[in-house]
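Undergrad: Starting off with a structure, shown below.
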Amino acid sequence: MSYTQGIRRNWQQFALQLLTVFAVGLTIGAERNVVPILGRDVLGVESVLVIGSFVVSFGFVKALLNLYGGKWSETYGRKPILVAGWVVALPIPVILAFAPNWWWITLGNVLLGVNQGLAWSMSVNAKIDLAGSDARGFAVGLDEAFGYGGVAVGAWVTGVIAARYSLRPEPFYFLAGVVLLALLVSVLFVDETLPYARAEADDQATEEDADLPFGAVLKRATYGDRTLFAAAQAGSVEKFVDALVWIAYPLYLTAAGLSTAQVGVIVGVYGGVWGVLQLYTGRLADRVGRRPPVITGMFVAGGGVFLTGLVDGYWPWVGTAALTGVGMALLYPNLITVVGDAAHPSWRATGLGVYRMWRDAGYGFGAILIGVTADLLSTAAAFYVVAAAMFLSGTVTLVWMRETHPDREASVPTDADPAGPADTD
């Protein structure tokens, strides 16, 4: 069998991978609107830090599964890891629908972290396997567009269901259907894509940096290279924004008098703009380079968060949510592509796993920061703290990140400096 890369050549499998990542987005989106309000209004949780615990558990578990999922997929293949992610998701709707207290919700989010860490990681790796280097940015953009489009739809649908019926169990019937359908598609129709990555590795003109051991990849992608360090810290901090939307938006906006359905629209606008624009921002980075959209996105998203704390009213909040989504669309897929550019195909999935570990650990770090700030100061203050973190991280990215586009690169990471982040010119 020929394992020739290209989106058009492999469009059927690529389309199935888009369907699975849309389901991944629906799964996490089903929690975005309903669960924090459920904790406050049904389960009686008053502390924002305690409510945020379900995001902390999600973030750190997903981070670890990102790391090891990438490593395992180099050995066992992408499909088995994808299927395992959906099997783990099966109990989640039942736990959310019938949890007797908040700690059961936190347990359910541990399983959600496993699901997302395995299923979304394998989906993006499979698309990169199928697409090849010429369309890598476009492939990642499509992956993230469909994934976060699913987040937006899931948040909107469950908000509508909750407003019409109740906060539970009805919204989680929808979630159960999504999980079952995604599992069936993954088992019956998705093919293994690891051979495409191995064929690409065989075609590389140079074997420099090929077949690095796991420890060496972990070191390089964490701190041994200045560009990859810049990507890792930016990925971690931008998740503060997503944690803020997940925890603080529903609490802050409903306390200001908005309905659950209205909050669902605002959260859906954020995710929808983020999702749709990634159809273009990934391709944009194939043309102008990775660095400009990443840096611009950090400051635009931070500005959107800052303005959300300043304005008041349904339509102004819709506007700031859209602005935040624009920033996330610019930075998010292209941070992934930076790492994909820099990694040899033989260890690219592991390298992406390291990046995604640090990125999604940002959910946990961000949730703690948001919860402590809200409990000690106010929920509004959490918006300003997250905005400040984005501006600081964007400055680090501006100073340290180098261009990695194959045709525009100023320096592609090739060396590791054990003493800390370093240029690799």
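Every chain in the structure tokens has a letter given in the order shown (A, B, ...), and although residue numbers restart at 1 in each chain, ligands are simply numbered from 1 in the order shown.
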Using only C-alpha atoms, find each residue in range 16-107 of chain A having at least one atom no more than 9 Å away from range 373-383 of chain A; report its shortest atom-to-atom pair and that distance in Å (one decimal), rows by chain then rising number, as CSV.

TA:
```
residue,atom,partner,partner_atom,distance
A:Ser47,CA,A:Asp375,CA,6.5
A:Val48,CA,A:Asp375,CA,6.2
A:Leu49,CA,A:Asp375,CA,6.9
```

Undergrad: Rank A:Ala231, A:Val318, A:Val386, A:Ile368 by their smallest atom-to-atom distance to Asn334 in chain A, using only C-alpha atoms, and report the top residue only.

TA: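 Between A:Ala231, A:Val318, A:Val386, A:Ile368, the residue approaching Asn334 in chain A most closely is A:Ala231.
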
Undergrad: Based on the backbone DSSP call, show me all residues of range 92-309 of chain A assigned alpha helix (DSSP H), as number ranges by chain.

TA: A: 92-98, 102-131, 136-164, 170-188, 194-203, 214-219, 226-255, 260-288, 291-309

Undergrad: Write out as a PyMOL selection string which residues come within 10 Å of range 6-9 of chain A when counting only C-alpha atoms, dropping same-chain ones fewer than 3 positions away.

TA: chain A and resi 3+12-15+127-136+138-139

Undergrad: How would the residues just chosen look if you wrote them out with all heavy atoms as a short mmCIF file (atom, residue, chain, number, x, y, z; two decimals), in the first residue's frame?

TA:
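What follows is the written file result_29.cif:
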```
data_model
loop_
_atom_site.label_atom_id
_atom_site.label_comp_id
_atom_site.auth_asym_id
_atom_site.auth_seq_id
_atom_site.Cartn_x
_atom_site.Cartn_y
_atom_site.Cartn_z
N TYR A 3 1.75 5.02 0.96
CA TYR A 3 1.42 5.96 2.03
C TYR A 3 1.87 7.37 1.62
O TYR A 3 2.71 7.99 2.27
CB TYR A 3 2.08 5.53 3.34
CG TYR A 3 1.54 4.22 3.85
CD1 TYR A 3 2.30 3.06 3.79
CD2 TYR A 3 0.25 4.14 4.38
CE1 TYR A 3 1.79 1.84 4.25
CE2 TYR A 3 -0.26 2.93 4.84
CZ TYR A 3 0.51 1.79 4.77
OH TYR A 3 0.01 0.60 5.21
N GLN A 12 -10.82 11.10 2.36
CA GLN A 12 -11.85 10.36 3.10
C GLN A 12 -11.44 10.16 4.56
O GLN A 12 -12.23 10.41 5.48
CB GLN A 12 -12.10 9.01 2.43
CG GLN A 12 -12.79 9.14 1.07
CD GLN A 12 -12.90 7.81 0.35
OE1 GLN A 12 -11.92 7.06 0.24
NE2 GLN A 12 -14.09 7.50 -0.13
N GLN A 13 -10.19 9.72 4.78
CA GLN A 13 -9.73 9.56 6.15
C GLN A 13 -9.58 10.91 6.85
O GLN A 13 -9.86 11.04 8.04
CB GLN A 13 -8.41 8.80 6.18
CG GLN A 13 -8.56 7.30 6.05
CD GLN A 13 -9.37 6.71 7.20
OE1 GLN A 13 -9.07 6.91 8.36
NE2 GLN A 13 -10.41 5.95 6.87
N PHE A 14 -9.14 11.91 6.09
CA PHE A 14 -9.02 13.24 6.68
C PHE A 14 -10.38 13.75 7.14
O PHE A 14 -10.51 14.33 8.22
CB PHE A 14 -8.41 14.21 5.65
CG PHE A 14 -7.84 15.45 6.25
CD1 PHE A 14 -6.51 15.50 6.66
CD2 PHE A 14 -8.62 16.59 6.41
CE1 PHE A 14 -5.97 16.65 7.22
CE2 PHE A 14 -8.10 17.74 6.97
CZ PHE A 14 -6.77 17.77 7.38
N ALA A 15 -11.42 13.51 6.34
CA ALA A 15 -12.78 13.94 6.71
C ALA A 15 -13.26 13.20 7.95
O ALA A 15 -13.92 13.79 8.83
CB ALA A 15 -13.74 13.71 5.55
N LYS A 127 -3.98 13.94 11.34
CA LYS A 127 -4.09 14.92 10.25
C LYS A 127 -2.73 15.36 9.75
O LYS A 127 -2.52 15.54 8.54
CB LYS A 127 -4.92 16.11 10.72
CG LYS A 127 -6.39 15.79 10.96
CD LYS A 127 -7.15 17.03 11.40
CE LYS A 127 -8.57 16.68 11.78
NZ LYS A 127 -8.65 15.83 12.99
N ILE A 128 -1.78 15.56 10.67
CA ILE A 128 -0.43 15.91 10.25
C ILE A 128 0.20 14.77 9.47
O ILE A 128 0.89 14.99 8.46
CB ILE A 128 0.41 16.29 11.49
CG1 ILE A 128 -0.08 17.63 12.06
CG2 ILE A 128 1.89 16.39 11.14
CD1 ILE A 128 0.59 18.02 13.37
N ASP A 129 -0.03 13.53 9.91
CA ASP A 129 0.46 12.36 9.17
C ASP A 129 -0.05 12.36 7.74
O ASP A 129 0.69 12.11 6.79
CB ASP A 129 -0.01 11.06 9.85
CG ASP A 129 0.63 10.82 11.21
OD1 ASP A 129 1.66 11.43 11.50
OD2 ASP A 129 0.05 10.03 11.98
N LEU A 130 -1.34 12.63 7.58
CA LEU A 130 -1.98 12.53 6.26
C LEU A 130 -1.63 13.70 5.36
O LEU A 130 -1.53 13.54 4.14
CB LEU A 130 -3.50 12.46 6.43
CG LEU A 130 -4.06 11.20 7.10
CD1 LEU A 130 -5.54 11.39 7.44
CD2 LEU A 130 -3.90 9.98 6.19
N ALA A 131 -1.44 14.89 5.94
CA ALA A 131 -1.32 16.10 5.13
C ALA A 131 0.06 16.28 4.51
O ALA A 131 0.17 16.69 3.35
CB ALA A 131 -1.67 17.32 5.97
N GLY A 132 1.11 16.03 5.27
CA GLY A 132 2.45 16.33 4.79
C GLY A 132 2.86 17.75 5.12
O GLY A 132 2.05 18.58 5.52
N SER A 133 4.16 18.05 4.92
CA SER A 133 4.71 19.32 5.38
C SER A 133 4.16 20.53 4.63
O SER A 133 4.05 21.62 5.19
CB SER A 133 6.24 19.30 5.27
OG SER A 133 6.64 19.11 3.92
N ASP A 134 3.81 20.38 3.36
CA ASP A 134 3.35 21.52 2.57
C ASP A 134 2.03 22.09 3.06
O ASP A 134 1.74 23.27 2.85
CB ASP A 134 3.22 21.14 1.09
CG ASP A 134 4.56 20.88 0.44
OD1 ASP A 134 5.58 21.33 1.01
OD2 ASP A 134 4.60 20.22 -0.62
N ALA A 135 1.21 21.25 3.69
CA ALA A 135 -0.12 21.69 4.15
C ALA A 135 -0.28 21.51 5.64
O ALA A 135 -1.40 21.41 6.13
CB ALA A 135 -1.21 20.94 3.40
N ARG A 136 0.84 21.49 6.37
CA ARG A 136 0.76 21.20 7.80
C ARG A 136 -0.03 22.27 8.56
O ARG A 136 -0.87 21.96 9.40
CB ARG A 136 2.17 21.09 8.38
CG ARG A 136 2.22 20.65 9.83
CD ARG A 136 3.66 20.45 10.28
NE ARG A 136 4.26 19.32 9.58
CZ ARG A 136 5.51 19.30 9.12
NH1 ARG A 136 6.29 20.36 9.28
NH2 ARG A 136 5.97 18.24 8.52
N PHE A 138 -2.34 24.26 7.38
CA PHE A 138 -3.75 24.16 6.99
C PHE A 138 -4.41 22.99 7.70
O PHE A 138 -5.55 23.09 8.18
CB PHE A 138 -3.86 24.01 5.48
CG PHE A 138 -5.27 23.98 4.95
CD1 PHE A 138 -6.21 24.92 5.37
CD2 PHE A 138 -5.65 23.02 4.02
CE1 PHE A 138 -7.51 24.89 4.88
CE2 PHE A 138 -6.94 22.99 3.52
CZ PHE A 138 -7.88 23.93 3.95
N ALA A 139 -3.70 21.87 7.80
CA ALA A 139 -4.25 20.68 8.45
C ALA A 139 -4.53 20.94 9.92
O ALA A 139 -5.59 20.58 10.45
CB ALA A 139 -3.30 19.49 8.30
#
```

Undergrad: What is the CA of Val179 in chain A-CA of Asn115 in chain A distance in Å, reported with one decimal?

TA: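 According to the coordinates, CA of Val179 in chain A and CA of Asn115 in chain A are separated by 10.0 Å.
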
Undergrad: Measuring atom to atom with only C-alpha atoms, identify which of A:Gly319, A:Gly159, A:Pro91, A:Pro406 is nearest to Gly264 in chain A.

TA: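 Distance minimum relative to Gly264 in chain A lands on A:Gly159.
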
Undergrad: Env of Trp400 in chain A: 8 Å cut, atoms = only C-alpha atoms, seq-sep filter 5 positions within chain, self excluded. Answer as a list in words.

TA: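 Listed by chain and then number, they are Arg226, Thr227 and Ala230 of chain A.
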
Undergrad: Using all heavy atoms, can you write the selected residues to a file as a compact mmCIF listing (two decimals), in the first residue's frame?

TA:
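Saved result, out05.txt, follows:
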```txt
# COMPACT_ATOMS: atom_id res chain seq x y z
N ARG A 226 15.23 27.61 22.65
CA ARG A 226 14.54 28.87 22.95
C ARG A 226 13.18 28.96 22.27
O ARG A 226 12.19 29.37 22.88
CB ARG A 226 15.43 30.04 22.52
CG ARG A 226 14.81 31.39 22.77
CD ARG A 226 15.82 32.51 22.53
NE ARG A 226 16.83 32.52 23.58
CZ ARG A 226 17.79 33.44 23.67
NH1 ARG A 226 17.88 34.39 22.76
NH2 ARG A 226 18.66 33.40 24.66
N THR A 227 13.10 28.57 21.01
CA THR A 227 11.83 28.67 20.30
C THR A 227 10.79 27.72 20.88
O THR A 227 9.63 28.09 21.06
CB THR A 227 12.05 28.38 18.80
OG1 THR A 227 12.84 29.43 18.24
CG2 THR A 227 10.73 28.30 18.06
N ALA A 230 9.57 29.02 24.14
CA ALA A 230 8.61 30.12 23.92
C ALA A 230 7.24 29.57 23.55
O ALA A 230 6.21 30.06 24.04
CB ALA A 230 9.12 31.05 22.82
```

Undergrad: Give me the residues within 12 Å of range 150-155 of chain A as a VMD selection string, counting only C-alpha atoms and dropping any in the same chain fewer than 6 places off.

TA: chain A and resid 18 to 35 143 to 144 161 to 162 171 to 172 174 to 175 178 242 245 to 246 250 260 to 276 321 to 322 325

Undergrad: Can you pull out the residues contacting Gly313 in chain A? Cut-off 10 Å, using only C-alpha atoms, and skip same-chain residues under 2 positions away; I want them as a PDB file with N, CA, C and O atoms, in the first residue's frame.

TA:
```
ATOM      1  N   LEU A 253     -21.230  36.219  34.391  1.00  0.00           N
ATOM      2  CA  LEU A 253     -22.286  36.746  33.533  1.00  0.00           C
ATOM      3  C   LEU A 253     -23.677  36.465  34.090  1.00  0.00           C
ATOM      4  O   LEU A 253     -24.576  37.310  33.982  1.00  0.00           O
ATOM      5  N   ALA A 256     -24.379  38.847  36.750  1.00  0.00           N
ATOM      6  CA  ALA A 256     -24.696  40.167  36.197  1.00  0.00           C
ATOM      7  C   ALA A 256     -26.100  40.228  35.614  1.00  0.00           C
ATOM      8  O   ALA A 256     -26.502  41.283  35.096  1.00  0.00           O
ATOM      9  N   GLY A 257     -26.835  39.115  35.666  1.00  0.00           N
ATOM     10  CA  GLY A 257     -28.221  39.122  35.235  1.00  0.00           C
ATOM     11  C   GLY A 257     -28.533  38.427  33.934  1.00  0.00           C
ATOM     12  O   GLY A 257     -29.695  38.395  33.507  1.00  0.00           O
ATOM     13  N   LEU A 258     -27.529  37.835  33.272  1.00  0.00           N
ATOM     14  CA  LEU A 258     -27.798  37.134  32.029  1.00  0.00           C
ATOM     15  C   LEU A 258     -28.355  35.743  32.310  1.00  0.00           C
ATOM     16  O   LEU A 258     -28.087  35.139  33.348  1.00  0.00           O
ATOM     17  N   THR A 308     -13.397  42.505  28.460  1.00  0.00           N
ATOM     18  CA  THR A 308     -14.555  41.824  29.039  1.00  0.00           C
ATOM     19  C   THR A 308     -14.788  42.277  30.477  1.00  0.00           C
ATOM     20  O   THR A 308     -15.933  42.421  30.923  1.00  0.00           O
ATOM     21  N   VAL A 311     -16.325  46.218  30.156  1.00  0.00           N
ATOM     22  CA  VAL A 311     -17.628  46.566  29.579  1.00  0.00           C
ATOM     23  C   VAL A 311     -18.753  45.930  30.389  1.00  0.00           C
ATOM     24  O   VAL A 311     -18.528  45.117  31.286  1.00  0.00           O
ATOM     25  N   TRP A 315     -24.603  42.614  24.592  1.00  0.00           N
ATOM     26  CA  TRP A 315     -23.953  42.788  23.292  1.00  0.00           C
ATOM     27  C   TRP A 315     -22.487  43.193  23.414  1.00  0.00           C
ATOM     28  O   TRP A 315     -21.648  42.685  22.642  1.00  0.00           O
ATOM     29  N   PRO A 316     -22.112  44.072  24.336  1.00  0.00           N
ATOM     30  CA  PRO A 316     -20.676  44.310  24.515  1.00  0.00           C
ATOM     31  C   PRO A 316     -19.909  43.044  24.880  1.00  0.00           C
ATOM     32  O   PRO A 316     -18.782  42.844  24.407  1.00  0.00           O
ATOM     33  N   TRP A 317     -20.505  42.181  25.709  1.00  0.00           N
ATOM     34  CA  TRP A 317     -19.821  40.929  26.056  1.00  0.00           C
ATOM     35  C   TRP A 317     -19.752  39.977  24.866  1.00  0.00           C
ATOM     36  O   TRP A 317     -18.777  39.238  24.713  1.00  0.00           O
ATOM     37  N   VAL A 318     -20.764  39.996  24.003  1.00  0.00           N
ATOM     38  CA  VAL A 318     -20.667  39.219  22.763  1.00  0.00           C
ATOM     39  C   VAL A 318     -19.479  39.706  21.938  1.00  0.00           C
ATOM     40  O   VAL A 318     -18.698  38.917  21.383  1.00  0.00           O
TER      41      VAL A 318
END
```

Undergrad: Between A:Glu192, A:Asn125, A:Val55, A:Pro93, which is the closest to Gly177 in chain A once you count only C-alpha atoms?

TA: A:Pro93

Undergrad: Considering only C-alpha atoms, can you say which of A:Phe240, A:Trp120, A:Trp102, A:Trp156 comes closest to Ser393 in chain A?

TA: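 Looking at the shortest contact to Ser393 in chain A, the residue is A:Phe240.
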
Undergrad: Between A:Gly282, A:Gly371, A:Gly340, A:Gly302, which is the closest to Val237 in chain A once you count only C-alpha atoms?

TA: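 Once distances to Val237 in chain A are computed over only C-alpha atoms, the minimum belongs to A:Gly302.
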